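Raw contents of run-v2.cif, mmCIF, C-alpha atoms:
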```
data_upload
loop_
_atom_site.label_atom_id
_atom_site.label_comp_id
_atom_site.auth_asym_id
_atom_site.auth_seq_id
_atom_site.Cartn_x
_atom_site.Cartn_y
_atom_site.Cartn_z
CA MET A 1 15.45 28.87 -6.10
CA PRO A 2 16.22 26.39 -3.32
CA PRO A 3 19.39 26.88 -1.26
CA ALA A 4 22.28 24.64 -2.39
CA GLU A 5 22.04 22.29 0.60
CA HIS A 6 18.37 21.61 -0.19
CA VAL A 7 19.41 20.55 -3.68
CA HIS A 8 21.86 18.09 -2.11
CA TRP A 9 19.05 16.74 0.08
CA MET A 10 16.74 16.28 -2.91
CA PHE A 11 19.43 14.29 -4.70
CA ALA A 12 19.99 12.36 -1.46
CA THR A 13 16.31 11.38 -1.62
CA GLY A 14 16.85 10.22 -5.19
CA PHE A 15 19.80 8.04 -4.19
CA LEU A 16 17.84 6.64 -1.25
CA LEU A 17 15.04 5.62 -3.63
CA LEU A 18 17.57 4.12 -6.06
CA GLY A 19 19.03 2.07 -3.21
CA LEU A 20 15.56 0.91 -2.14
CA PHE A 21 14.64 -0.11 -5.71
CA LEU A 22 17.81 -2.18 -6.02
CA LEU A 23 17.38 -3.77 -2.58
CA ALA A 24 13.80 -4.67 -3.47
CA GLU A 25 15.02 -6.31 -6.70
CA VAL A 26 17.60 -8.33 -4.77
CA ILE A 27 15.05 -9.46 -2.17
CA ALA A 28 12.27 -10.32 -4.62
CA GLY A 29 14.55 -11.99 -7.15
CA GLU A 30 14.95 -11.17 -10.81
CA GLU A 31 12.07 -13.33 -12.02
CA VAL A 32 9.48 -11.66 -9.76
CA TRP A 33 10.99 -8.21 -10.35
CA GLN A 34 10.46 -8.61 -14.10
CA ARG A 35 6.86 -9.80 -13.75
CA ARG A 36 5.54 -6.29 -14.45
CA ALA A 37 6.77 -4.74 -17.66
CA TRP A 38 7.62 -1.34 -16.18
CA ARG A 39 9.69 -2.56 -13.25
CA PRO A 40 12.98 -3.48 -14.97
CA TYR A 41 13.06 0.07 -16.34
CA LEU A 42 12.49 1.65 -12.94
CA TRP A 43 15.97 2.22 -11.56
CA PRO A 44 17.78 2.79 -14.89
CA SER A 45 15.23 5.44 -15.93
CA PHE A 46 15.39 7.00 -12.46
CA LEU A 47 19.18 7.19 -12.72
CA PHE A 48 18.86 8.75 -16.18
CA LEU A 49 16.36 11.29 -14.85
CA MET A 50 18.72 12.22 -12.00
CA GLY A 51 21.41 12.81 -14.63
CA VAL A 52 19.07 15.10 -16.56
CA LEU A 53 18.21 17.01 -13.39
CA MET A 54 21.90 17.46 -12.62
CA TRP A 55 22.22 19.82 -15.61
CA PRO A 56 20.17 22.66 -14.05
CA VAL A 57 22.16 22.10 -10.84
CA MET A 58 25.35 22.56 -12.86
CA THR A 59 23.95 25.66 -14.52
CA PHE A 60 22.38 27.47 -11.58
CA PHE A 61 24.13 26.23 -8.45
CA THR A 62 27.85 26.08 -9.18
CA ASN A 63 30.06 29.06 -8.45
CA SER A 64 33.40 28.01 -9.93
CA THR A 65 34.67 26.29 -13.05
CA ILE A 66 35.86 23.21 -11.21
CA HIS A 67 32.46 22.78 -9.52
CA MET A 68 30.74 23.23 -12.85
CA VAL A 69 32.93 20.60 -14.50
CA ALA A 70 32.36 18.16 -11.62
CA HIS A 71 28.56 18.58 -11.71
CA GLY A 72 28.62 18.34 -15.51
CA SER A 73 30.57 15.08 -15.35
CA TRP A 74 28.06 13.63 -12.84
CA ALA A 75 25.21 14.63 -15.14
CA GLN A 76 26.88 12.94 -18.10
CA VAL A 77 27.84 9.69 -16.40
CA MET A 78 24.48 9.28 -14.68
CA MET A 79 22.71 9.74 -18.02
CA PHE A 80 25.22 7.43 -19.71
CA ALA A 81 24.88 4.64 -17.13
CA GLY A 82 21.08 5.01 -16.99
CA ALA A 83 20.79 4.94 -20.79
CA ALA A 84 23.11 1.91 -21.09
CA GLU A 85 21.11 -0.01 -18.47
CA LEU A 86 17.86 0.96 -20.24
CA GLY A 87 19.29 -0.27 -23.54
CA LEU A 88 20.31 -3.57 -21.97
CA VAL A 89 16.90 -4.07 -20.33
CA LYS A 90 15.07 -3.27 -23.57
CA GLY A 91 17.35 -5.55 -25.56
CA LYS A 92 18.51 -2.77 -27.86
CA LEU A 93 22.07 -3.17 -26.62
CA HIS A 94 23.48 -6.67 -26.94
CA SER A 95 27.13 -6.46 -26.00
CA PRO A 96 27.73 -7.30 -22.32
CA LEU A 97 30.46 -4.65 -22.39
CA TRP A 98 27.68 -2.05 -21.99
CA ARG A 99 27.40 -3.31 -18.43
CA LEU A 100 30.72 -1.57 -17.79
CA ALA A 101 28.92 1.79 -18.16
CA THR A 102 27.78 1.72 -14.51
CA PRO A 103 31.20 0.96 -12.96
CA PHE A 104 32.62 3.61 -15.29
CA ALA A 105 30.04 6.08 -13.93
CA PHE A 106 31.00 5.15 -10.37
CA LEU A 107 34.70 5.70 -11.08
CA VAL A 108 34.23 9.01 -12.89
CA SER A 109 31.88 10.25 -10.16
CA GLY A 110 34.34 9.31 -7.44
CA VAL A 111 37.29 10.91 -9.20
CA ALA A 112 35.22 14.06 -9.82
CA PHE A 113 34.48 14.28 -6.08
CA LEU A 114 38.14 13.82 -5.16
CA VAL A 115 39.60 16.13 -7.80
CA HIS A 116 37.25 19.06 -7.28
CA GLU A 117 37.68 19.12 -3.50
CA GLN A 118 40.65 21.40 -2.90
CA ASN A 119 40.68 21.25 0.92
CA PRO A 120 41.76 18.51 3.37
CA TRP A 121 39.28 16.13 5.04
CA LEU A 122 38.69 18.13 8.24
CA PHE A 123 38.56 21.61 6.67
CA GLN A 124 34.77 21.68 6.99
CA ARG A 125 31.89 19.23 6.68
CA SER A 126 31.45 19.48 2.92
CA SER A 127 35.19 18.84 2.42
CA PHE A 128 34.94 15.71 4.56
CA LEU A 129 31.88 14.56 2.63
CA HIS A 130 33.54 15.16 -0.74
CA HIS A 131 36.50 12.97 0.25
CA LEU A 132 34.20 10.35 1.79
CA LEU A 133 31.88 10.27 -1.22
CA GLY A 134 34.79 10.17 -3.65
CA TRP A 135 36.42 7.17 -2.03
CA THR A 136 33.04 5.49 -1.52
CA MET A 137 32.31 5.72 -5.24
CA VAL A 138 35.82 4.65 -6.29
CA VAL A 139 35.91 1.64 -3.94
CA GLY A 140 32.18 0.96 -4.45
CA ALA A 141 32.80 0.61 -8.21
CA VAL A 142 33.85 -2.95 -7.44
CA PHE A 143 30.14 -3.90 -7.09
CA PRO A 144 28.88 -2.75 -10.51
CA PHE A 145 32.12 -4.12 -11.97
CA ALA A 146 31.34 -7.54 -10.45
CA ARG A 147 27.76 -7.23 -11.70
CA ALA A 148 29.07 -6.60 -15.22
CA TRP A 149 30.50 -10.13 -15.23
CA ARG A 150 27.79 -11.81 -13.14
CA PRO A 151 24.59 -9.79 -13.75
CA ASN A 152 22.38 -11.82 -11.43
CA TRP A 153 24.79 -12.03 -8.53
CA ALA A 154 22.77 -10.83 -5.53
CA VAL A 155 25.86 -9.74 -3.57
CA ALA A 156 26.92 -7.33 -6.33
CA ASN A 157 23.42 -5.90 -6.69
CA ALA A 158 23.03 -5.55 -2.92
CA GLY A 159 26.45 -3.86 -2.81
CA ILE A 160 25.35 -1.26 -5.36
CA ALA A 161 22.18 -0.65 -3.35
CA ILE A 162 24.16 -0.17 -0.14
CA VAL A 163 26.55 2.25 -1.87
CA PHE A 164 23.55 4.30 -3.05
CA VAL A 165 22.05 4.37 0.45
CA PHE A 166 25.43 5.41 1.87
CA VAL A 167 25.74 8.19 -0.73
CA SER A 168 22.25 9.29 0.26
CA LEU A 169 23.22 9.48 3.96
CA ALA A 170 26.34 11.50 3.12
CA LEU A 171 24.35 13.94 0.98
CA PHE A 172 21.72 14.31 3.70
CA SER A 173 24.55 15.24 6.09
CA ASP A 174 25.67 18.07 3.85
CA ARG A 175 25.33 21.64 5.10
CA ASP A 176 26.24 24.91 3.49
CA LEU A 177 29.01 25.62 5.98
CA ALA A 178 29.29 23.48 9.09
CA PRO A 179 31.92 21.83 11.29
CA VAL A 180 32.87 18.17 10.98
CA PHE A 181 33.46 16.25 14.24
CA GLY A 182 33.55 19.64 15.98
CA ARG A 183 36.30 20.98 13.71
CA LEU A 184 35.99 23.90 11.33
CA SER A 185 38.92 25.66 9.75
CA PRO A 186 38.97 29.40 10.47
CA LEU A 187 39.60 29.84 6.74
CA ALA A 188 36.20 28.28 5.95
CA GLY A 189 34.24 31.20 7.42
CA GLU A 190 31.40 31.42 9.91
CA PRO A 191 28.96 28.48 10.06
CA HIS A 192 25.59 29.59 8.74
CA ARG A 193 23.45 27.50 11.05
CA MET B 1 6.26 -42.09 4.10
CA SER B 2 8.83 -42.62 1.39
CA THR B 3 12.21 -40.88 1.53
CA HIS B 4 11.44 -39.08 -1.71
CA THR B 5 8.22 -37.55 -0.35
CA ALA B 6 9.92 -36.54 2.91
CA THR B 7 12.72 -34.78 1.01
CA GLU B 8 10.16 -32.99 -1.17
CA THR B 9 8.19 -31.85 1.88
CA ALA B 10 11.33 -30.50 3.56
CA ALA B 11 12.38 -28.68 0.40
CA SER B 12 8.89 -27.26 -0.03
CA ARG B 13 8.86 -26.06 3.60
CA ALA B 14 12.28 -24.42 3.15
CA ARG B 15 11.04 -22.66 0.00
CA SER B 16 7.93 -21.51 1.80
CA GLU B 17 9.95 -20.11 4.74
CA HIS B 18 12.30 -18.36 2.34
CA HIS B 19 9.27 -16.89 0.56
CA VAL B 20 7.75 -15.64 3.82
CA TRP B 21 11.01 -13.93 4.76
CA ARG B 22 11.24 -12.23 1.38
CA VAL B 23 7.71 -10.87 1.78
CA ARG B 24 8.47 -9.69 5.33
CA LEU B 25 11.66 -7.95 4.22
CA LEU B 26 9.94 -6.22 1.31
CA ALA B 27 7.03 -5.17 3.51
CA SER B 28 9.39 -3.69 6.10
CA LEU B 29 11.79 -1.75 3.83
CA GLY B 30 9.51 1.27 3.31
CA PRO B 31 8.15 1.50 6.88
CA LEU B 32 11.68 1.13 8.32
CA THR B 33 12.92 3.93 6.06
CA ALA B 34 10.01 6.15 7.12
CA LEU B 35 10.68 5.23 10.76
CA ALA B 36 14.31 6.34 10.31
CA GLY B 37 12.98 9.73 9.17
CA VAL B 38 10.68 9.95 12.21
CA VAL B 39 13.56 9.07 14.56
CA TRP B 40 15.70 11.72 12.85
CA ALA B 41 12.93 14.28 13.38
CA ILE B 42 12.81 13.39 17.08
CA VAL B 43 16.60 13.54 17.46
CA GLN B 44 16.86 16.86 15.59
CA PRO B 45 13.42 18.46 16.06
CA TYR B 46 14.69 21.85 14.84
CA ARG B 47 14.89 20.30 11.36
CA VAL B 48 11.12 20.01 11.22
CA THR B 49 10.41 23.71 10.74
CA LEU B 50 6.73 22.87 10.19
CA LEU B 51 6.56 22.79 14.00
CA HIS B 52 7.64 26.43 14.21
CA PRO B 53 6.87 27.81 10.75
CA HIS B 54 7.01 31.54 11.46
CA GLY B 55 9.24 33.32 8.96
CA GLN B 56 10.16 30.15 7.04
CA GLY B 57 9.92 29.82 3.26
CA PHE B 58 8.80 26.80 1.23
CA TRP B 59 12.22 25.12 1.04
CA TRP B 60 12.94 25.40 4.75
CA LEU B 61 9.44 24.19 5.61
CA PHE B 62 8.99 21.24 3.32
CA VAL B 63 12.40 20.17 1.99
CA GLN B 64 14.03 18.92 5.18
CA PRO B 65 15.93 15.62 5.41
CA PRO B 66 13.64 13.87 7.96
CA LEU B 67 10.55 14.74 5.90
CA LEU B 68 12.24 13.62 2.68
CA VAL B 69 13.25 10.29 4.24
CA VAL B 70 9.67 9.68 5.45
CA LEU B 71 8.36 10.62 2.00
CA ALA B 72 10.83 8.30 0.23
CA GLY B 73 9.87 5.40 2.52
CA ALA B 74 6.14 6.00 2.00
CA LEU B 75 6.39 6.38 -1.79
CA PHE B 76 8.54 3.28 -2.07
CA HIS B 77 6.15 1.24 0.05
CA VAL B 78 3.00 2.29 -1.82
CA PHE B 79 4.24 2.29 -5.40
CA VAL B 80 7.00 -0.33 -5.46
CA ALA B 81 6.90 -2.67 -2.46
CA ARG B 82 3.14 -3.37 -2.42
CA PRO B 83 2.84 -4.38 -6.10
CA LEU B 84 6.02 -6.41 -5.72
CA ILE B 85 4.60 -8.27 -2.71
CA GLU B 86 1.41 -8.95 -4.68
CA ASP B 87 3.50 -10.47 -7.46
CA LEU B 88 5.55 -12.47 -4.97
CA GLU B 89 2.41 -13.91 -3.37
CA GLU B 90 0.84 -14.97 -6.68
#
```
Rewrite the structure from the file as C-alpha cells, please.
Amino acid sequence: MPPAEHVHWMFATGFLLLGLFLLAEVIAGEEVWQRRAWRPYLWPSFLFLMGVLMWPVMTFFTNSTIHMVAHGSWAQVMMFAGAAELGLVKGKLHSPLWRLATPFAFLVSGVAFLVHEQNPWLFQRSSFLHHLLGWTMVVGAVFPFARAWRPNWAVANAGIAIVFVFVSLALFSDRDLAPVFGRLSPLAGEPHR
Amino acid sequence: MSTHTATETAASRARSEHHVWRVRLLASLGPLTALAGVVWAIVQPYRVTLLHPHGQGFWWLFVQPPLLVVLAGALFHVFVARPLIEDLEE
C-alpha cells in the first residue's frame, strides 16, 4: 500500500487534471468543447471517479472516526456532484436546481476539512493545509454557485478551475509530518523527512 | 471601400486574433504544467528518487509530485488539448 502522503499526491494530480479540463473548456468555448461527444462528460465523470476512489482511501488510510467520516463525506459529495453534472450533460436531469450539487459539494468538503482538523493553523503542515483547504473550498463555493445561475459564464468556470488547481497545489504540499513556515509543535512529534 | 466592408474586415480580424490566442493558450497549458514539474524537480532534486534509486520502493520512486505534475501536463496535452486544438482549427 502507498504511504498516506502519496495518496494525497495522487489525488492532487486528479485535481490538477480537473482544473486543466475546466480551463481548457473555458478557453475553447462551450461550442467547441462539445464538438466531440465524449468531451462534455470528461470532467464530471472524472470527478465521479475520484469520489469512487475516495472510498478505499476512507477504508484503508484513515486512523480515527473523524478522519473516516471526513473522507467518507468527500467520497459522497464528489460522487454526488459528478453524477449530477453527468445527468445534466446527458439531459437526464432537467431541473437547473441540480446545478447546486457542485456548490453543495464544495461547501460540504470545506466544512469537513475545517471540522475534522482539531489543531490550530501552525501546529504542523497538515493542520495548516486542512484549514487552508477548508476555507478555500468554502469561499470557492461562490464560483460553482454563480455557475448554477449562469452556466456559461466563463468567470465562474475559470474560478472553479483555479480552485481545483489551488487544491492540487495544497495537496502536493502535504507531508506526513512536517513543519509549516519553519514551525512545528513539539506535540506533533518528530518530522519523518 | 464601403464602411460596411471595412467594419466586417475589422471584426473578422479581431475574431481571427482571438482564435489564434485561444489556440496558443490551449497549446501551452500542458507544456507549462509539465515545465512546472521540471522546475520543481530542479528546485527539490531529492524528490526525484529515480536519480538515486538505491533502497527505494515503487511509491517513493515513481509517485513523486514533480513526476506527477509532468505526467499530468503530458497526458492533458496529448489526450485533451491536441484534439481540442484540432476542433478549434476546423
Pull out every residue of chain B that has at least one atom within 10 Å of chain A, counting all atoms listed in the file, and report them as JSON, numbers by chain. {"B": [19, 21, 22, 23, 24, 25, 26, 27, 29, 30, 33, 57, 58, 59, 60, 63, 64, 65, 66, 68, 69, 70, 71, 72, 73, 75, 76, 77, 80, 81, 83, 84, 85, 86, 87, 88, 89, 90]}
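Taking atom CA of A:Trp135 and atom CA of B:Gln44 as endpoints, the distance between them is 28.1 Å.
What the PyMOL selection byres ((chain A and resi 163) around 8) picks from this file is A:Gly19, A:Thr136, A:Met137, A:Gly140, A:Gly159, A:Ile160, A:Ala161, A:Ile162, A:Phe164, A:Val165, A:Phe166, A:Val167.
Between atom CA of B:Phe79 and atom CA of A:Gly87 there is a distance of 23.7 Å.
Relative to atom CA of A:Tyr41, atom CA of A:Val142 is found at 22.8 Å.
Of the listed residues (B:Glu17, B:Ser12, B:Arg82, B:Thr49), B:Arg82 comes nearest to B:Pro31; the distances count only C-alpha atoms.
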Residues within 9 Å of B:Leu50, please, as a PyMOL selection string. Count only C-alpha atoms; anything in the same chain fewer than 6 positions from it doesn't count. chain B and resi 56+60-62
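Within the file as shown, the PyMOL selection byres ((chain A and resi 146) around 10) identifies Arg99, Leu100, Pro103, Ala141, Val142, Phe143, Pro144, Phe145, Arg147, Ala148, Trp149, Arg150, Pro151, Asn152, Trp153, Val155, Ala156, Asn157 and Gly159 of chain A.
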Atoms to include: C-alpha atoms. Write the selected residues as a PDB file, keeping the file's coordinate frame.
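Now in result28.pdb:
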```pdb
ATOM      1  CA  ARG A  99      27.400  -3.310 -18.430  1.00  0.00           C
ATOM      2  CA  LEU A 100      30.720  -1.570 -17.790  1.00  0.00           C
ATOM      3  CA  PRO A 103      31.200   0.960 -12.960  1.00  0.00           C
ATOM      4  CA  ALA A 141      32.800   0.610  -8.210  1.00  0.00           C
ATOM      5  CA  VAL A 142      33.850  -2.950  -7.440  1.00  0.00           C
ATOM      6  CA  PHE A 143      30.140  -3.900  -7.090  1.00  0.00           C
ATOM      7  CA  PRO A 144      28.880  -2.750 -10.510  1.00  0.00           C
ATOM      8  CA  PHE A 145      32.120  -4.120 -11.970  1.00  0.00           C
ATOM      9  CA  ARG A 147      27.760  -7.230 -11.700  1.00  0.00           C
ATOM     10  CA  ALA A 148      29.070  -6.600 -15.220  1.00  0.00           C
ATOM     11  CA  TRP A 149      30.500 -10.130 -15.230  1.00  0.00           C
ATOM     12  CA  ARG A 150      27.790 -11.810 -13.140  1.00  0.00           C
ATOM     13  CA  PRO A 151      24.590  -9.790 -13.750  1.00  0.00           C
ATOM     14  CA  ASN A 152      22.380 -11.820 -11.430  1.00  0.00           C
ATOM     15  CA  TRP A 153      24.790 -12.030  -8.530  1.00  0.00           C
ATOM     16  CA  VAL A 155      25.860  -9.740  -3.570  1.00  0.00           C
ATOM     17  CA  ALA A 156      26.920  -7.330  -6.330  1.00  0.00           C
ATOM     18  CA  ASN A 157      23.420  -5.900  -6.690  1.00  0.00           C
ATOM     19  CA  GLY A 159      26.450  -3.860  -2.810  1.00  0.00           C
TER      20      GLY A 159
END
```
Mind checking which residues fall within 10 Å of A:Gly182, counting all atoms listed in the file, ignoring those fewer than 3 positions away in the same chain, and posting them as a PyMOL selection string? chain A and resi 122+124-125+178-179
Please produce a file of those selected residues containing C-alpha atoms, as a short mmCIF file (atom, residue, chain, number, x, y, z; two decimals), keeping the file's coordinate frame.
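Produced file out_25.cif, reproduced below:
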```cif
data_model
loop_
_atom_site.label_atom_id
_atom_site.label_comp_id
_atom_site.auth_asym_id
_atom_site.auth_seq_id
_atom_site.Cartn_x
_atom_site.Cartn_y
_atom_site.Cartn_z
CA LEU A 122 38.69 18.13 8.24
CA GLN A 124 34.77 21.68 6.99
CA ARG A 125 31.89 19.23 6.68
CA ALA A 178 29.29 23.48 9.09
CA PRO A 179 31.92 21.83 11.29
#
```
With the file shown as input, list the residues that the PyMOL selection byres ((chain A and resi 134) around 7) selects, as a PDB file with C-alpha atoms, in the frame of the given file.
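This is the output file expr_26.pdb:
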```pdb
ATOM      1  CA  GLY A 110      34.340   9.310  -7.440  1.00  0.00           C
ATOM      2  CA  VAL A 111      37.290  10.910  -9.200  1.00  0.00           C
ATOM      3  CA  PHE A 113      34.480  14.280  -6.080  1.00  0.00           C
ATOM      4  CA  LEU A 114      38.140  13.820  -5.160  1.00  0.00           C
ATOM      5  CA  HIS A 130      33.540  15.160  -0.740  1.00  0.00           C
ATOM      6  CA  HIS A 131      36.500  12.970   0.250  1.00  0.00           C
ATOM      7  CA  LEU A 132      34.200  10.350   1.790  1.00  0.00           C
ATOM      8  CA  LEU A 133      31.880  10.270  -1.220  1.00  0.00           C
ATOM      9  CA  TRP A 135      36.420   7.170  -2.030  1.00  0.00           C
ATOM     10  CA  THR A 136      33.040   5.490  -1.520  1.00  0.00           C
ATOM     11  CA  MET A 137      32.310   5.720  -5.240  1.00  0.00           C
ATOM     12  CA  VAL A 138      35.820   4.650  -6.290  1.00  0.00           C
TER      13      VAL A 138
END
```
